[in-house]
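Here is the structure we will look at, set down as structure tokens.
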Amino acid sequence: MIDLHYSATPNGQKVALMLEEVGLPFRVLPYDIFEGDQLTAEFGRINPNHKLPAIVDQAPEDDEGPLAVFESGAILQYLAEKTGRFLAASGRARSRTLQWLTWQVAGLGPMGGQASHFLRYGPSGQDYATERYTKELERLLQVLEGRLRESEYLAGPDYSVADMAVWPGRASSFVMGVQLEAYPATHRWFETVRARPAVGRMLARADLAAPAKYIGRKQGLSADEWSNMFGARMLAAVRQPPA
Ligand SMILES: N[C@@H](CCC(=O)N[C@@H](CS)C(=O)NCC(=O)O)C(=O)O
């Protein structure tokens, strides 16, 4: 059994999708990040970075007790290695998959996240930051389009964890005004992945669905929500007492 510490955002959906793909039994432990559920000391013992998603594998191969894994890219790789699926064991195919997986978690994900932050939550007048991150997001989406023009899936002819890392963010990119139709190869790939039974199962599960307040949310955070996600409470969760 895998415990999925989950918030219904693209990062959480990457892991939910992989769990649906490989068919490992999992239970969803929901976190409301606006309410600050991620800031507890208990969750900090699972993920010292206090972000979702994280998993706890209750039956890891080494038989040494429950194993916590955080960071969506590391979780995808862990589950791929545990099941022997969606990541080649060695060689060029493995390297290509890890390159595109890392490109998502180190590039597209964070840059899209910053663009989303300034477009949706930043106070008005942040033109430099908004332009910087939306331009970088556009650049990365062009890189994605170029790759998918030459290759069926991100890592080559086979669907892999790299596709699972990218797909959920593209599904929600409308909140930033990104029209997938403007990227024909990405659109073709998006629909191919969308047609997979595992994606259908994930999207049909009520316990994985985003609550209404997550969808298309723009500004209007309460002072408490702001503090939990971007302010003093967020910092207090990781601040160390003086030695
Ligand atoms: N690099 C991390 C990013 C995780 C992340 O930023 N998660 C967001 C939800 S998408 C979160 O937990 N936000 C709550 C917060 O920032 O306090 C990963 O890939 O797992």
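Going through the structure tokens in order, the chains are called A, B, and so on, while each chain numbers its residues from 1 and the ligands are numbered from 1 in the order shown.
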- Task: Could you pull out the residues sitting within 9 Å of ligand 1, using only C-alpha atoms and all ligand atoms, and write them as a VMD selection string?
- Result: chain A and resid 6 to 12 31 to 34 36 to 39 49 to 54 70 to 75 104 to 106 109 to 110 113 165 228 to 230 234
- Message: Need to verify the contact set: A:Val69, 9 Å, only C-alpha atoms, exclusion of same-chain residues closer than 6 positions in sequence. Can you return it as a list in words?
- Response: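 So the residues in contact are Ile46, Asn47, Ala54, Ile55, Val56, Asp57, Ile75 and Tyr78 of chain A.
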Using only C-alpha atoms, which residues of stretch 99-142 of chain A come within 10 Å of stretch 174-193 of chain A, and what is the closest atom pair for each, with the distance in Å to one decimal? Give it as a tab-separated table, sorted by chain and residue number.
residue	atom	partner	partner_atom	distance
A:Gly112	CA	A:Met176	CA	8.8
A:Ala115	CA	A:Met176	CA	7.8
A:Ser116	CA	A:Met176	CA	6.2
A:His117	CA	A:Met176	CA	9.7
A:Leu119	CA	A:Met176	CA	7.1
A:Arg120	CA	A:Met176	CA	8.0
A:Thr134	CA	A:Met176	CA	8.9
A:Leu137	CA	A:Val178	CA	9.8
A:Glu138	CA	A:Val178	CA	8.9
A:Leu141	CA	A:Tyr183	CA	8.2
A:Gln142	CA	A:Tyr183	CA	8.0
Would you save the residues from that selection as a PDB file, in the first residue's frame, using C-alpha atoms?
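To be explicit, this is the file written out as result.pdb:
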ATOM      1  CA  GLY A 112       5.093  27.860 -15.010  1.00  0.00           C
ATOM      2  CA  ALA A 115       4.129  32.701 -14.095  1.00  0.00           C
ATOM      3  CA  SER A 116       0.967  31.394 -12.447  1.00  0.00           C
ATOM      4  CA  HIS A 117       1.889  33.087  -9.168  1.00  0.00           C
ATOM      5  CA  LEU A 119      -0.605  36.242 -13.045  1.00  0.00           C
ATOM      6  CA  ARG A 120      -3.003  34.901 -10.434  1.00  0.00           C
ATOM      7  CA  THR A 134       5.367  34.354 -18.855  1.00  0.00           C
ATOM      8  CA  LEU A 137       6.956  29.786 -19.899  1.00  0.00           C
ATOM      9  CA  GLU A 138       6.286  30.571 -23.562  1.00  0.00           C
ATOM     10  CA  LEU A 141       6.263  25.568 -24.290  1.00  0.00           C
ATOM     11  CA  GLN A 142       7.980  26.140 -27.638  1.00  0.00           C
TER      12      GLN A 142
END
- Message: Run DSSP on the backbone and tell me which residues of stretch 67-182 of chain A come out as strand (DSSP E or B); list them as a VMD selection string.
- Response: chain A and resid 67 to 70 153 156
